[in-house]
$ cat start_29.txt   # compact mmCIF, N, CA and C atoms
# COMPACT_ATOMS: atom_id res chain seq x y z
N MET N 713 60.07 73.77 74.34
CA MET N 713 59.66 74.51 75.50
C MET N 713 58.66 75.59 75.09
N ARG N 714 57.68 75.81 75.95
CA ARG N 714 56.65 76.81 75.67
C ARG N 714 57.12 78.22 76.04
N VAL N 715 56.54 79.19 75.37
CA VAL N 715 56.86 80.60 75.61
C VAL N 715 56.64 80.96 77.08
N SER N 716 55.60 80.42 77.69
CA SER N 716 55.28 80.76 79.09
C SER N 716 56.42 80.42 80.04
N GLU N 717 57.27 79.49 79.68
CA GLU N 717 58.39 79.10 80.53
C GLU N 717 59.61 80.00 80.37
N LEU N 718 59.63 80.83 79.33
CA LEU N 718 60.79 81.69 79.05
C LEU N 718 60.50 83.18 79.12
N MET N 719 59.23 83.54 79.14
CA MET N 719 58.88 84.96 79.03
C MET N 719 59.12 85.72 80.33
N LEU N 720 59.28 87.02 80.17
CA LEU N 720 59.36 87.93 81.30
C LEU N 720 57.92 88.31 81.64
N ARG N 721 57.58 88.23 82.90
CA ARG N 721 56.19 88.50 83.29
C ARG N 721 55.98 89.93 83.77
N ASP N 722 57.01 90.57 84.25
CA ASP N 722 56.89 91.93 84.77
C ASP N 722 57.16 92.92 83.64
N VAL N 723 56.10 93.30 82.93
CA VAL N 723 56.22 94.15 81.76
C VAL N 723 55.55 95.50 82.03
N THR N 724 56.26 96.57 81.71
CA THR N 724 55.73 97.92 81.89
C THR N 724 54.94 98.31 80.65
N LEU N 725 53.78 98.92 80.88
CA LEU N 725 52.90 99.35 79.80
C LEU N 725 52.59 100.83 80.01
N ILE N 726 52.76 101.63 78.96
CA ILE N 726 52.39 103.04 79.02
C ILE N 726 51.22 103.28 78.07
N THR N 727 50.53 104.40 78.26
CA THR N 727 49.37 104.67 77.40
C THR N 727 49.80 105.46 76.17
N PRO N 728 49.03 105.38 75.11
CA PRO N 728 49.34 106.14 73.89
C PRO N 728 49.33 107.65 74.12
N GLU N 729 48.61 108.12 75.14
CA GLU N 729 48.51 109.55 75.43
C GLU N 729 49.70 110.08 76.22
N ASP N 730 50.50 109.20 76.82
CA ASP N 730 51.68 109.64 77.56
C ASP N 730 52.59 110.43 76.63
N THR N 731 53.34 111.37 77.19
CA THR N 731 54.30 112.10 76.37
C THR N 731 55.52 111.23 76.12
N VAL N 732 56.22 111.53 75.06
CA VAL N 732 57.44 110.79 74.74
C VAL N 732 58.47 111.00 75.85
N GLN N 733 58.50 112.17 76.46
CA GLN N 733 59.43 112.40 77.56
C GLN N 733 59.15 111.44 78.72
N ASN N 734 57.89 111.28 79.10
CA ASN N 734 57.55 110.33 80.17
C ASN N 734 57.89 108.90 79.77
N ALA N 735 57.66 108.57 78.52
CA ALA N 735 58.00 107.24 78.03
C ALA N 735 59.50 107.00 78.08
N ALA N 736 60.27 108.00 77.69
CA ALA N 736 61.74 107.88 77.74
C ALA N 736 62.22 107.69 79.17
N ARG N 737 61.60 108.39 80.11
CA ARG N 737 61.94 108.19 81.53
C ARG N 737 61.64 106.76 81.96
N ALA N 738 60.49 106.25 81.52
CA ALA N 738 60.11 104.87 81.88
C ALA N 738 61.09 103.87 81.27
N ILE N 739 61.50 104.10 80.04
CA ILE N 739 62.49 103.23 79.39
C ILE N 739 63.79 103.25 80.18
N ALA N 740 64.21 104.44 80.62
CA ALA N 740 65.44 104.56 81.42
C ALA N 740 65.27 103.86 82.77
N ASP N 741 64.12 104.02 83.40
CA ASP N 741 63.87 103.41 84.71
C ASP N 741 63.95 101.89 84.67
N ILE N 742 63.46 101.30 83.58
CA ILE N 742 63.49 99.84 83.49
C ILE N 742 64.74 99.33 82.76
N ASP N 743 65.62 100.27 82.39
CA ASP N 743 66.88 99.94 81.73
C ASP N 743 66.65 99.06 80.51
N SER N 744 65.85 99.58 79.58
CA SER N 744 65.45 98.84 78.40
C SER N 744 65.73 99.65 77.15
N ARG N 745 65.45 99.05 76.00
CA ARG N 745 65.56 99.75 74.72
C ARG N 745 64.18 100.00 74.12
N PHE N 746 63.14 99.60 74.85
CA PHE N 746 61.77 99.73 74.34
C PHE N 746 60.79 99.72 75.50
N ILE N 747 59.56 100.10 75.20
CA ILE N 747 58.47 99.98 76.16
C ILE N 747 57.19 99.70 75.37
N LEU N 748 56.32 98.89 75.93
CA LEU N 748 55.06 98.58 75.26
C LEU N 748 54.03 99.66 75.53
N VAL N 749 53.16 99.86 74.56
CA VAL N 749 52.12 100.88 74.65
C VAL N 749 50.77 100.18 74.60
N GLY N 750 49.89 100.53 75.52
CA GLY N 750 48.59 99.89 75.52
C GLY N 750 47.63 100.48 76.52
N VAL N 751 46.44 99.92 76.53
CA VAL N 751 45.38 100.34 77.42
C VAL N 751 44.73 99.09 78.00
N ASP N 752 44.59 99.06 79.32
CA ASP N 752 43.93 97.95 80.00
C ASP N 752 44.47 96.58 79.58
N GLU N 753 45.78 96.46 79.60
CA GLU N 753 46.47 95.21 79.28
C GLU N 753 46.32 94.76 77.82
N HIS N 754 45.84 95.65 76.95
CA HIS N 754 45.76 95.36 75.52
C HIS N 754 46.82 96.21 74.81
N VAL N 755 47.76 95.55 74.19
CA VAL N 755 48.89 96.22 73.55
C VAL N 755 48.47 96.80 72.21
N VAL N 756 48.85 98.08 71.98
CA VAL N 756 48.52 98.73 70.72
C VAL N 756 49.77 99.16 69.96
N GLY N 757 50.92 99.06 70.61
CA GLY N 757 52.16 99.45 69.93
C GLY N 757 53.37 99.24 70.81
N ILE N 758 54.50 99.62 70.25
CA ILE N 758 55.77 99.54 70.96
C ILE N 758 56.55 100.81 70.63
N LEU N 759 57.22 101.35 71.63
CA LEU N 759 58.06 102.52 71.44
C LEU N 759 59.49 102.12 71.72
N THR N 760 60.34 102.27 70.73
CA THR N 760 61.74 101.90 70.88
C THR N 760 62.60 103.17 70.91
N ILE N 761 63.82 103.00 71.36
CA ILE N 761 64.76 104.12 71.34
C ILE N 761 64.93 104.61 69.90
N ARG N 762 64.95 103.70 68.96
CA ARG N 762 65.08 104.07 67.54
C ARG N 762 63.89 104.92 67.09
N ASP N 763 62.68 104.58 67.53
CA ASP N 763 61.50 105.39 67.21
C ASP N 763 61.67 106.81 67.73
N ILE N 764 62.17 106.92 68.95
CA ILE N 764 62.37 108.25 69.55
C ILE N 764 63.39 109.05 68.75
N LEU N 765 64.49 108.41 68.38
CA LEU N 765 65.53 109.12 67.63
C LEU N 765 65.06 109.56 66.25
N ILE N 766 64.45 108.66 65.52
CA ILE N 766 64.10 108.94 64.13
C ILE N 766 62.81 109.75 64.01
N ARG N 767 61.78 109.36 64.74
CA ARG N 767 60.47 110.00 64.56
C ARG N 767 60.25 111.23 65.43
N LEU N 768 61.07 111.40 66.47
CA LEU N 768 60.91 112.56 67.34
C LEU N 768 62.09 113.51 67.20
N VAL N 769 63.28 113.05 67.56
CA VAL N 769 64.45 113.92 67.57
C VAL N 769 64.78 114.41 66.16
N ALA N 770 64.90 113.49 65.21
CA ALA N 770 65.26 113.88 63.84
C ALA N 770 64.19 114.77 63.21
N ALA N 771 62.94 114.59 63.62
CA ALA N 771 61.86 115.40 63.08
C ALA N 771 61.71 116.73 63.81
N GLY N 772 62.46 116.92 64.88
CA GLY N 772 62.43 118.18 65.61
C GLY N 772 61.18 118.38 66.45
N LEU N 773 60.56 117.30 66.89
CA LEU N 773 59.35 117.41 67.70
C LEU N 773 59.69 117.62 69.17
N ASP N 774 58.78 118.17 69.91
CA ASP N 774 58.95 118.45 71.33
C ASP N 774 58.57 117.22 72.15
N PRO N 775 59.50 116.62 72.88
CA PRO N 775 59.20 115.41 73.66
C PRO N 775 58.22 115.65 74.80
N THR N 776 58.09 116.88 75.26
CA THR N 776 57.16 117.18 76.35
C THR N 776 55.73 117.37 75.86
N ALA N 777 55.56 117.56 74.57
CA ALA N 777 54.23 117.80 74.01
C ALA N 777 53.78 116.71 73.04
N THR N 778 54.68 115.85 72.61
CA THR N 778 54.35 114.84 71.62
C THR N 778 53.85 113.56 72.31
N PRO N 779 52.66 113.10 71.95
CA PRO N 779 52.17 111.85 72.54
C PRO N 779 52.89 110.65 71.92
N VAL N 780 53.00 109.63 72.72
CA VAL N 780 53.64 108.39 72.28
C VAL N 780 52.98 107.86 71.01
N SER N 781 51.67 107.98 70.91
CA SER N 781 50.93 107.47 69.74
C SER N 781 51.44 108.05 68.43
N GLN N 782 52.05 109.23 68.48
CA GLN N 782 52.52 109.88 67.26
C GLN N 782 53.84 109.30 66.75
N VAL N 783 54.61 108.65 67.60
CA VAL N 783 55.93 108.17 67.17
C VAL N 783 56.13 106.67 67.38
N MET N 784 55.19 105.99 68.00
CA MET N 784 55.34 104.56 68.27
C MET N 784 55.17 103.74 66.99
N SER N 785 55.63 102.50 67.05
CA SER N 785 55.38 101.54 65.98
C SER N 785 54.10 100.80 66.35
N SER N 786 53.13 100.82 65.46
CA SER N 786 51.86 100.19 65.78
C SER N 786 51.66 98.83 65.12
N SER N 787 52.54 98.47 64.20
CA SER N 787 52.43 97.13 63.63
C SER N 787 53.26 96.20 64.52
N LEU N 788 52.54 95.33 65.21
CA LEU N 788 53.15 94.45 66.20
C LEU N 788 53.01 92.99 65.80
N PHE N 789 54.04 92.25 66.10
CA PHE N 789 53.98 90.80 66.00
C PHE N 789 53.88 90.30 67.42
N THR N 790 52.91 89.44 67.68
CA THR N 790 52.70 88.91 69.02
C THR N 790 52.68 87.39 68.98
N CYS N 791 52.75 86.80 70.16
CA CYS N 791 52.61 85.35 70.27
C CYS N 791 51.77 85.06 71.51
N THR N 792 51.42 83.80 71.69
CA THR N 792 50.69 83.41 72.89
C THR N 792 51.62 82.63 73.80
N GLU N 793 51.23 82.57 75.05
CA GLU N 793 52.06 81.89 76.03
C GLU N 793 52.12 80.38 75.80
N GLU N 794 51.21 79.84 75.02
CA GLU N 794 51.18 78.40 74.76
C GLU N 794 52.03 77.98 73.56
N GLU N 795 52.50 78.93 72.76
CA GLU N 795 53.29 78.59 71.58
C GLU N 795 54.64 77.99 71.96
N VAL N 796 55.20 77.24 71.03
CA VAL N 796 56.53 76.67 71.20
C VAL N 796 57.57 77.75 70.92
N ALA N 797 58.53 77.89 71.82
CA ALA N 797 59.51 78.96 71.72
C ALA N 797 60.30 78.92 70.42
N ASP N 798 60.64 77.74 69.92
CA ASP N 798 61.41 77.63 68.68
C ASP N 798 60.70 78.31 67.51
N SER N 799 59.39 78.10 67.39
CA SER N 799 58.65 78.71 66.27
C SER N 799 58.56 80.22 66.44
N VAL N 800 58.47 80.69 67.68
CA VAL N 800 58.43 82.13 67.95
C VAL N 800 59.76 82.76 67.58
N VAL N 801 60.87 82.09 67.91
CA VAL N 801 62.21 82.60 67.56
C VAL N 801 62.35 82.70 66.05
N GLU N 802 61.85 81.72 65.32
CA GLU N 802 61.91 81.76 63.85
C GLU N 802 61.14 82.96 63.31
N ARG N 803 59.95 83.23 63.87
CA ARG N 803 59.16 84.39 63.43
C ARG N 803 59.88 85.69 63.76
N MET N 804 60.50 85.75 64.92
CA MET N 804 61.23 86.95 65.30
C MET N 804 62.39 87.19 64.34
N ALA N 805 63.10 86.16 64.00
CA ALA N 805 64.22 86.29 63.06
C ALA N 805 63.71 86.71 61.68
N GLU N 806 62.63 86.10 61.24
CA GLU N 806 62.04 86.43 59.94
C GLU N 806 61.64 87.90 59.85
N HIS N 807 61.09 88.43 60.94
CA HIS N 807 60.63 89.82 60.94
C HIS N 807 61.67 90.80 61.49
N ARG N 808 62.84 90.26 61.81
CA ARG N 808 63.96 91.07 62.33
C ARG N 808 63.58 91.88 63.55
N ILE N 809 62.96 91.19 64.51
CA ILE N 809 62.61 91.84 65.77
C ILE N 809 63.30 91.10 66.93
N GLU N 810 63.53 91.83 68.00
CA GLU N 810 64.26 91.28 69.13
C GLU N 810 63.38 90.91 70.31
N GLN N 811 62.15 91.39 70.33
CA GLN N 811 61.23 91.10 71.42
C GLN N 811 59.82 90.99 70.89
N MET N 812 59.00 90.25 71.63
CA MET N 812 57.63 90.04 71.18
C MET N 812 56.70 89.99 72.39
N PRO N 813 55.62 90.78 72.36
CA PRO N 813 54.65 90.69 73.45
C PRO N 813 53.97 89.32 73.45
N VAL N 814 53.70 88.85 74.65
CA VAL N 814 53.03 87.55 74.83
C VAL N 814 51.63 87.84 75.34
N LEU N 815 50.64 87.27 74.65
CA LEU N 815 49.23 87.51 74.99
C LEU N 815 48.58 86.23 75.49
N ASP N 816 47.55 86.39 76.33
CA ASP N 816 46.78 85.23 76.76
C ASP N 816 45.68 84.98 75.73
N ALA N 817 44.83 84.01 76.00
CA ALA N 817 43.78 83.64 75.05
C ALA N 817 42.80 84.78 74.79
N GLY N 818 42.68 85.71 75.75
CA GLY N 818 41.77 86.84 75.59
C GLY N 818 42.42 88.05 74.94
N GLY N 819 43.69 87.92 74.52
CA GLY N 819 44.39 89.01 73.87
C GLY N 819 45.01 90.02 74.82
N ARG N 820 45.05 89.67 76.12
CA ARG N 820 45.65 90.57 77.11
C ARG N 820 47.13 90.27 77.28
N LEU N 821 47.89 91.32 77.54
CA LEU N 821 49.33 91.20 77.74
C LEU N 821 49.63 90.43 79.02
N VAL N 822 50.46 89.39 78.89
CA VAL N 822 50.86 88.62 80.07
C VAL N 822 52.38 88.58 80.23
N GLY N 823 53.10 89.05 79.21
CA GLY N 823 54.56 89.03 79.31
C GLY N 823 55.23 89.46 78.03
N MET N 824 56.52 89.22 78.00
CA MET N 824 57.37 89.58 76.86
C MET N 824 58.42 88.49 76.71
N ILE N 825 58.67 88.10 75.48
CA ILE N 825 59.76 87.16 75.23
C ILE N 825 60.79 87.86 74.35
N THR N 826 62.04 87.65 74.67
CA THR N 826 63.11 88.22 73.85
C THR N 826 63.75 87.10 73.04
N ARG N 827 64.22 87.48 71.89
CA ARG N 827 64.88 86.49 71.04
C ARG N 827 66.12 85.93 71.73
N ARG N 828 66.85 86.80 72.43
CA ARG N 828 68.05 86.37 73.14
C ARG N 828 67.74 85.30 74.17
N ALA N 829 66.69 85.49 74.97
CA ALA N 829 66.32 84.52 76.00
C ALA N 829 65.95 83.18 75.37
N ALA N 830 65.16 83.23 74.31
CA ALA N 830 64.73 82.00 73.65
C ALA N 830 65.90 81.30 72.96
N GLU N 831 66.78 82.06 72.33
CA GLU N 831 67.93 81.47 71.65
C GLU N 831 68.93 80.90 72.66
N THR N 832 69.09 81.57 73.81
CA THR N 832 69.99 81.08 74.84
C THR N 832 69.49 79.74 75.37
N PHE N 833 68.17 79.65 75.60
CA PHE N 833 67.62 78.37 76.04
C PHE N 833 67.84 77.31 74.98
N ASP N 834 67.55 77.67 73.72
CA ASP N 834 67.70 76.72 72.62
C ASP N 834 69.13 76.20 72.52
N ALA N 835 70.10 77.10 72.66
CA ALA N 835 71.51 76.72 72.57
C ALA N 835 71.90 75.81 73.72
N SER N 836 71.40 76.08 74.93
CA SER N 836 71.76 75.25 76.08
C SER N 836 71.08 73.89 76.02
N SER N 837 69.87 73.83 75.44
CA SER N 837 69.18 72.54 75.37
C SER N 837 69.77 71.64 74.29
N THR N 838 70.31 72.22 73.23
CA THR N 838 70.90 71.39 72.17
C THR N 838 72.32 70.97 72.51
N ALA N 839 72.95 71.65 73.49
CA ALA N 839 74.31 71.31 73.89
C ALA N 839 74.34 70.08 74.80
N GLN N 840 73.18 69.71 75.35
CA GLN N 840 73.14 68.58 76.29
C GLN N 840 73.12 67.27 75.57
$ encode --input "start_29.txt" --output "structure tokens"
Amino acid sequence: MRVSELMLRDVTLITPEDTVQNAARAIADIDSRFILVGVDEHVVGILTIRDILIRLVAAGLDPTATPVSQVMSSSLFTCTEEEVADSVVERMAEHRIEQMPVLDAGGRLVGMITRRAAETFDASSTAQ
């Protein structure tokens, strides 16, 4: 099965200039553990709850004054909507990540795939 058939299409994107406090509110609003960071549908990073705890709270930074760009993870693993989900799941496991942005041929964000969603599909398809 292709990634396009399993991905979430409604993905929230915040800008690198947003404050961490605004980003945390957005994470809470979408009931997630992360949010993607980008400009004009081009992803430049990801901000996770762990990033906020370790790079902001533990460092004693002010969430109302600290831009997301200062604490986000900028090394991203991405996939395309045309890739086979099984190979994407293997890459996610190899890199120990739980979610991966999905890009179109032009490098624009079109969705997000989670390892759980892909593994759940894989488990149900092999059980038949």
$ closest_atom_pairs --input "start_29.txt" --of "segment 779-814 of chain N" --to "segment 741-759 of chain N" --cutoff "10 Å" --atoms "only C-alpha atoms" --output "tab-separated table"
residue	atom	partner	partner_atom	distance
N:Val780	CA	N:Leu759	CA	7.4
N:Ser781	CA	N:Gly757	CA	8.1
N:Val783	CA	N:Leu759	CA	7.4
N:Met784	CA	N:Leu759	CA	4.6
N:Ser785	CA	N:Ile758	CA	5.4
N:Ser786	CA	N:Gly757	CA	4.2
N:Ser787	CA	N:Gly757	CA	6.7
N:Leu788	CA	N:Gly757	CA	6.3
N:Phe789	CA	N:Gly757	CA	9.7
N:Thr790	CA	N:Val755	CA	9.4
N:Gln811	CA	N:Phe746	CA	9.1
N:Met812	CA	N:Ile758	CA	9.7
N:Pro813	CA	N:Val755	CA	8.0
N:Val814	CA	N:Val755	CA	9.7
$ write_last_selection --input "start_29.txt" --atoms "N, CA and C atoms" --output "short mmCIF file (atom, residue, chain, number, x, y, z; two decimals), in the frame of the given file"
data_model
loop_
_atom_site.label_atom_id
_atom_site.label_comp_id
_atom_site.auth_asym_id
_atom_site.auth_seq_id
_atom_site.Cartn_x
_atom_site.Cartn_y
_atom_site.Cartn_z
N VAL N 780 53.00 109.63 72.72
CA VAL N 780 53.64 108.39 72.28
C VAL N 780 52.98 107.86 71.01
N SER N 781 51.67 107.98 70.91
CA SER N 781 50.93 107.47 69.74
C SER N 781 51.44 108.05 68.43
N VAL N 783 54.61 108.65 67.60
CA VAL N 783 55.93 108.17 67.17
C VAL N 783 56.13 106.67 67.38
N MET N 784 55.19 105.99 68.00
CA MET N 784 55.34 104.56 68.27
C MET N 784 55.17 103.74 66.99
N SER N 785 55.63 102.50 67.05
CA SER N 785 55.38 101.54 65.98
C SER N 785 54.10 100.80 66.35
N SER N 786 53.13 100.82 65.46
CA SER N 786 51.86 100.19 65.78
C SER N 786 51.66 98.83 65.12
N SER N 787 52.54 98.47 64.20
CA SER N 787 52.43 97.13 63.63
C SER N 787 53.26 96.20 64.52
N LEU N 788 52.54 95.33 65.21
CA LEU N 788 53.15 94.45 66.20
C LEU N 788 53.01 92.99 65.80
N PHE N 789 54.04 92.25 66.10
CA PHE N 789 53.98 90.80 66.00
C PHE N 789 53.88 90.30 67.42
N THR N 790 52.91 89.44 67.68
CA THR N 790 52.70 88.91 69.02
C THR N 790 52.68 87.39 68.98
N GLN N 811 62.15 91.39 70.33
CA GLN N 811 61.23 91.10 71.42
C GLN N 811 59.82 90.99 70.89
N MET N 812 59.00 90.25 71.63
CA MET N 812 57.63 90.04 71.18
C MET N 812 56.70 89.99 72.39
N PRO N 813 55.62 90.78 72.36
CA PRO N 813 54.65 90.69 73.45
C PRO N 813 53.97 89.32 73.45
N VAL N 814 53.70 88.85 74.65
CA VAL N 814 53.03 87.55 74.83
C VAL N 814 51.63 87.84 75.34
#
$ residues_around --input "start_29.txt" --residues "Arg828 of chain N" --least-positions-apart "3" --cutoff "9 Å" --atoms "only C-alpha atoms" --output "list in words"
Val801, Glu810, Gln811, Ile825, Glu831, Thr832 and Phe833 of chain N
$ select_by_dssp --input "start_29.txt" --residues "chain N" --states "helix (DSSP H, G or I)" --output "ChimeraX atom specification"
/N:715-717,732-741,761-769,780-783,797-806,827-838
$ atom_distance --input "start_29.txt" --atom1 "atom CA of Arg762 of chain N" --atom2 "atom CA of Gly823 of chain N"
21.8 Å
$ select_by_dssp --input "start_29.txt" --residues "chain N" --states "strand (DSSP E or B)" --output "PyMOL selection string"
chain N and resi 714+720+725-726+731+746-751+754-760+779+785+791-792+796+811-815+821-826
